[in-house]
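Structure file final-v5.txt; described as compact mmCIF, C-alpha atoms.
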```
# COMPACT_ATOMS: atom_id res chain seq x y z
CA MET A 1 91.81 17.39 -164.09
CA CYS A 2 89.46 16.20 -166.79
CA PRO A 3 85.93 15.33 -165.63
CA ALA A 4 83.97 12.78 -167.66
CA ALA A 5 81.45 15.44 -168.64
CA GLU A 6 84.12 17.41 -170.46
CA GLY A 7 84.86 14.73 -173.04
CA ALA A 8 88.24 14.34 -174.65
CA CYS A 9 91.23 15.92 -172.95
CA VAL A 10 94.74 16.93 -173.85
CA PHE A 11 97.29 15.50 -171.44
CA ASP A 12 100.68 17.00 -170.66
CA ARG A 13 103.22 14.26 -171.30
CA HIS A 14 105.96 15.94 -169.26
CA GLN A 15 103.66 16.64 -166.34
CA ASP A 16 102.55 13.01 -166.40
CA LEU A 17 106.15 11.83 -166.38
CA ARG A 18 107.02 13.97 -163.36
CA THR A 19 103.95 12.67 -161.51
CA ILE A 20 104.68 9.04 -162.42
CA ARG A 21 108.23 9.34 -161.12
CA ARG A 22 106.79 10.61 -157.84
CA CYS A 23 104.38 7.66 -157.83
CA LYS A 24 107.30 5.28 -158.22
CA ARG A 25 108.86 6.87 -155.14
CA GLY A 26 105.69 6.03 -153.24
CA GLU A 27 104.23 9.54 -152.89
CA GLU A 28 100.52 9.14 -152.12
CA ALA A 29 99.74 12.64 -153.37
CA ALA A 30 101.09 11.68 -156.79
CA PHE A 31 98.78 8.66 -156.99
CA ALA A 32 95.88 10.97 -156.15
CA GLU A 33 96.92 13.36 -158.93
CA ILE A 34 96.92 10.57 -161.52
CA LEU A 35 93.48 9.43 -160.38
CA ASP A 36 92.16 12.97 -160.48
CA ARG A 37 93.62 13.59 -163.94
CA TYR A 38 92.46 10.37 -165.59
CA ARG A 39 89.44 9.13 -163.63
CA GLY A 40 86.93 10.89 -165.91
CA PRO A 41 88.36 9.84 -169.29
CA ILE A 42 88.93 6.25 -168.19
CA TYR A 43 85.43 5.92 -166.72
CA ASN A 44 84.01 7.47 -169.90
CA LEU A 45 85.83 4.94 -172.08
CA CYS A 46 84.75 2.05 -169.85
CA TYR A 47 81.14 3.25 -169.94
CA ARG A 48 81.09 3.61 -173.72
CA MET A 49 82.56 0.13 -174.05
CA SER A 50 80.35 -1.62 -171.48
CA ARG A 51 77.16 0.50 -171.75
CA SER A 52 76.69 -0.06 -168.02
CA PRO A 53 77.43 2.54 -165.30
CA GLU A 54 77.98 -0.21 -162.73
CA ASP A 55 80.34 -2.18 -164.95
CA ALA A 56 82.13 1.03 -165.94
CA ARG A 57 82.82 1.95 -162.31
CA ASP A 58 84.17 -1.54 -161.61
CA LEU A 59 86.22 -1.63 -164.80
CA ALA A 60 87.73 1.81 -164.20
CA GLN A 61 88.68 0.85 -160.65
CA GLU A 62 90.24 -2.39 -161.87
CA VAL A 63 92.18 -0.48 -164.55
CA PHE A 64 93.76 1.85 -162.00
CA ILE A 65 94.58 -1.02 -159.67
CA LYS A 66 96.29 -2.79 -162.56
CA VAL A 67 98.09 0.38 -163.66
CA PHE A 68 99.50 1.11 -160.22
CA ARG A 69 100.52 -2.54 -159.80
CA LEU A 70 102.36 -2.50 -163.14
CA LEU A 71 103.79 0.99 -162.85
CA ASP A 72 107.38 -0.27 -162.71
CA ARG A 73 106.86 -1.73 -166.20
CA TYR A 74 105.87 1.61 -167.70
CA ASP A 75 108.38 2.64 -170.38
CA GLU A 76 108.99 6.38 -170.09
CA GLU A 77 109.83 6.52 -173.79
CA TYR A 78 106.08 6.48 -174.47
CA ALA A 79 103.29 8.76 -173.29
CA PHE A 80 101.76 7.59 -170.02
CA SER A 81 98.28 8.38 -171.39
CA SER A 82 98.84 5.95 -174.29
CA TRP A 83 99.97 3.21 -171.91
CA LEU A 84 96.99 3.85 -169.63
CA PHE A 85 94.44 3.84 -172.47
CA ARG A 86 95.99 0.62 -173.83
CA ILE A 87 95.47 -1.11 -170.49
CA ALA A 88 91.93 0.26 -170.19
CA THR A 89 90.98 -0.70 -173.75
CA ASN A 90 92.33 -4.24 -173.41
CA HIS A 91 90.68 -4.64 -170.02
CA CYS A 92 87.30 -3.62 -171.44
CA ILE A 93 87.67 -5.91 -174.44
CA ASP A 94 88.55 -8.82 -172.14
CA HIS A 95 85.51 -8.01 -170.00
CA LEU A 96 83.18 -8.05 -173.00
CA ARG A 97 84.62 -11.30 -174.29
CA ARG A 98 84.30 -12.93 -170.88
CA ASN A 99 80.64 -12.01 -170.86
CA ARG A 100 80.21 -13.69 -174.25
CA MET A 101 78.40 -10.78 -175.86
CA ARG A 102 77.48 -11.25 -179.51
CA PHE A 103 78.58 -8.72 -182.07
CA LEU A 104 78.08 -8.14 -185.78
CA SER A 105 80.95 -9.14 -188.03
CA LEU A 106 82.82 -6.57 -190.10
CA ASP A 107 84.20 -9.17 -192.50
CA GLY A 108 83.81 -8.12 -196.10
CA VAL A 109 82.68 -4.55 -195.40
CA THR A 110 84.04 -2.15 -198.01
CA GLY A 111 82.02 1.03 -197.49
CA PRO A 112 80.16 2.95 -200.22
CA ASP A 113 82.93 5.11 -201.73
CA GLY A 114 85.66 5.32 -199.13
CA GLU A 115 84.56 8.77 -198.02
CA GLU A 116 85.18 9.46 -194.35
CA PHE A 117 82.79 11.17 -191.97
CA GLU A 118 83.25 12.40 -188.44
CA LEU A 119 81.27 10.77 -185.64
CA GLN A 120 80.00 13.15 -183.00
CA ILE A 121 79.96 11.42 -179.62
CA PRO A 122 78.84 13.97 -177.05
CA ASP A 123 79.65 14.48 -173.42
CA GLU A 124 77.28 13.16 -170.77
CA GLY A 125 76.20 16.56 -169.45
CA PRO A 126 72.70 18.03 -169.83
CA GLU A 127 71.84 19.58 -173.19
CA PRO A 128 69.43 22.42 -174.07
CA ASP A 129 65.95 21.53 -175.29
CA THR A 130 66.73 23.23 -178.59
CA VAL A 131 69.10 20.40 -179.54
CA LEU A 132 66.68 17.56 -178.76
CA GLU A 133 66.73 16.27 -182.32
CA ARG A 134 70.51 16.18 -182.32
CA LYS A 135 70.50 14.37 -179.00
CA GLU A 136 68.14 11.72 -180.36
CA ALA A 137 70.32 11.30 -183.44
CA VAL A 138 73.39 10.84 -181.27
CA GLN A 139 71.58 8.27 -179.13
CA ARG A 140 70.84 6.26 -182.29
CA LEU A 141 74.47 6.51 -183.30
CA GLU A 142 75.59 5.30 -179.87
CA GLU A 143 73.21 2.34 -180.11
CA VAL A 144 74.89 1.34 -183.36
CA ILE A 145 78.41 1.81 -181.97
CA ALA A 146 77.43 -0.39 -179.01
CA ASP A 147 76.72 -3.22 -181.47
CA LEU A 148 80.22 -3.16 -182.97
CA PRO A 149 82.71 -5.90 -182.02
CA PRO A 150 84.80 -4.84 -179.01
CA HIS A 151 88.01 -4.04 -180.91
CA TYR A 152 86.15 -1.95 -183.50
CA ARG A 153 84.14 -0.21 -180.81
CA ALA A 154 87.34 0.60 -178.94
CA ILE A 155 89.11 2.05 -181.97
CA THR A 156 86.02 4.14 -182.83
CA LEU A 157 85.81 5.56 -179.32
CA LEU A 158 89.53 6.32 -179.15
CA ARG A 159 89.24 8.23 -182.42
CA HIS A 160 85.96 10.08 -181.97
CA GLN A 161 85.40 10.33 -178.23
CA GLN A 162 88.98 10.69 -176.99
CA GLN A 163 89.91 12.43 -180.27
CA LEU A 164 93.24 10.64 -180.55
CA SER A 165 95.18 10.92 -183.78
CA TYR A 166 95.83 7.87 -185.94
CA ASP A 167 99.42 7.83 -184.69
CA GLU A 168 98.30 7.98 -181.06
CA ILE A 169 95.81 5.14 -181.61
CA ALA A 170 98.55 3.06 -183.23
CA GLU A 171 100.69 3.64 -180.11
CA VAL A 172 97.82 2.86 -177.71
CA LEU A 173 96.80 -0.34 -179.47
CA GLN A 174 100.31 -1.27 -180.65
CA LEU A 175 99.11 -1.67 -184.22
CA PRO A 176 100.63 -0.59 -187.55
CA LEU A 177 99.31 2.80 -188.70
CA GLY A 178 97.83 1.23 -191.84
CA THR A 179 95.88 -1.28 -189.74
CA VAL A 180 94.46 1.53 -187.61
CA LYS A 181 93.29 3.47 -190.67
CA ALA A 182 91.77 0.34 -192.22
CA ARG A 183 89.89 -0.60 -189.06
CA ILE A 184 88.51 2.90 -188.59
CA HIS A 185 87.37 2.96 -192.21
CA ARG A 186 85.70 -0.44 -191.92
CA ALA A 187 84.03 0.53 -188.66
CA ARG A 188 82.65 3.72 -190.24
CA ALA A 189 81.36 1.78 -193.23
CA GLN A 190 79.67 -0.74 -190.96
CA ILE A 191 78.11 2.05 -188.91
CA GLN A 192 76.68 3.59 -192.07
CA GLN A 193 75.22 0.25 -193.12
CA MET A 194 73.72 -0.39 -189.70
CA LEU A 195 72.18 3.07 -189.56
CA ALA A 196 70.62 2.51 -192.97
CA ALA A 197 69.36 -0.95 -192.01
CA ARG A 198 67.62 0.51 -188.96
CA SER A 199 66.22 3.41 -190.97
CA TYR A 200 68.13 5.86 -188.80
CA ASP A 201 68.84 9.24 -190.31
CA ILE A 202 71.88 10.86 -188.69
```
Produce structure tokens that represent the structure in this file.
Amino acid sequence: MCPAAEGACVFDRHQDLRTIRRCKRGEEAAFAEILDRYRGPIYNLCYRMSRSPEDARDLAQEVFIKVFRLLDRYDEEYAFSSWLFRIATNHCIDHLRRNRMRFLSLDGVTGPDGEEFELQIPDEGPEPDTVLERKEAVQRLEEVIADLPPHYRAITLLRHQQQLSYDEIAEVLQLPLGTVKARIHRARAQIQQMLAARSYDI
């Protein structure tokens, strides 16, 4: 089990496979296990993408409905978590595009010197008063991430919220590894520029 408040999780590929095979046999308890294991992370991703608790609940529910409907198409050669996050990411991107949200373009962004930095996207749980300044800084960062185009927002969240490796992101999004690295770099550069333009100091 991985509640949303606990952030990124490590999933047991072999345990998932055993549970999925039980799902395919129609065991209701196995479906409940998958929901329990992935409900938090999927809701968290949907919320970060949509910025709306109501939309996130609907999106997460729709993702699981789609996943269980397409379960026979799942290729056991790949991690179930990657397949699930791919469906969730694409579903959220489709949702945002259907709602015709406007996003800043990343075309032509090169970044200052190519240096990478780690984004800290926190869990949703309560935080001590002593870290108020950090909380405010993170809120500013999340505002900027929310203004990224859907596919750049998704890749940023998969990397820094779900803490997936570049290889795992490439598998989730079915992209070449070089494309994943380039998009993450361009997203980081754009985030830096947007923070500076808004006079945010992170």
Atomic separation - atom CA of Arg183 of chain A relative to atom CA of Ala56 of chain A, Å: 24.4 Å
Surrounding residues of segment 44-46 of chain A excluding itself and chain neighbours under 6 positions, 8 Å, all atoms listed in the file, as a VMD selection string: chain A and resid 4 7 55 to 57 59 to 60 88 to 89 92 157
Test item: residues at most 12 Å from Arg21 of chain A, all atoms listed in the file, excluding those fewer than 4 positions along its chain, as a count of residues only: 18
Leu177 of chain A environment, 7 Å, all atoms listed in the file, sequence neighbours closer than 3 positions dropped, as a list in words: Tyr166, Asp167, Ala170, Val180 and Lys181 of chain A
Nearest-residue call for Gln161 of chain A, choices A:Leu84, A:Ala196, A:Ile145, A:Val63, using only C-alpha atoms: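 Nearest candidate to Gln161 of chain A out of A:Leu84, A:Ala196, A:Ile145, A:Val63: A:Ile145.
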d(atom CA of Phe11 of chain A, atom CA of Asp58 of chain A) in Å: 23.6 Å
Counting only C-alpha atoms, the residue of A:Glu33, A:Tyr152, A:Ile65, A:Ser165 that sits nearest Ala187 of chain A: A:Tyr152
Nearby residues (only C-alpha atoms) at most 9 Å from Ser82 of chain A, same-chain spacing under 5 positions excluded, as number ranges by chain: A: 87, 168-169, 171-173
Coordinates-based distance that separates atom CA of Thr179 of chain A from atom CA of Val67 of chain A (Å, one decimal): 26.2 Å
Counting all atoms listed in the file, the residue of A:Lys24, A:Arg140, A:Arg86, A:Arg188 that sits nearest Arg153 of chain A: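 Counting all atoms listed in the file, the residue closest to Arg153 of chain A is A:Arg188.
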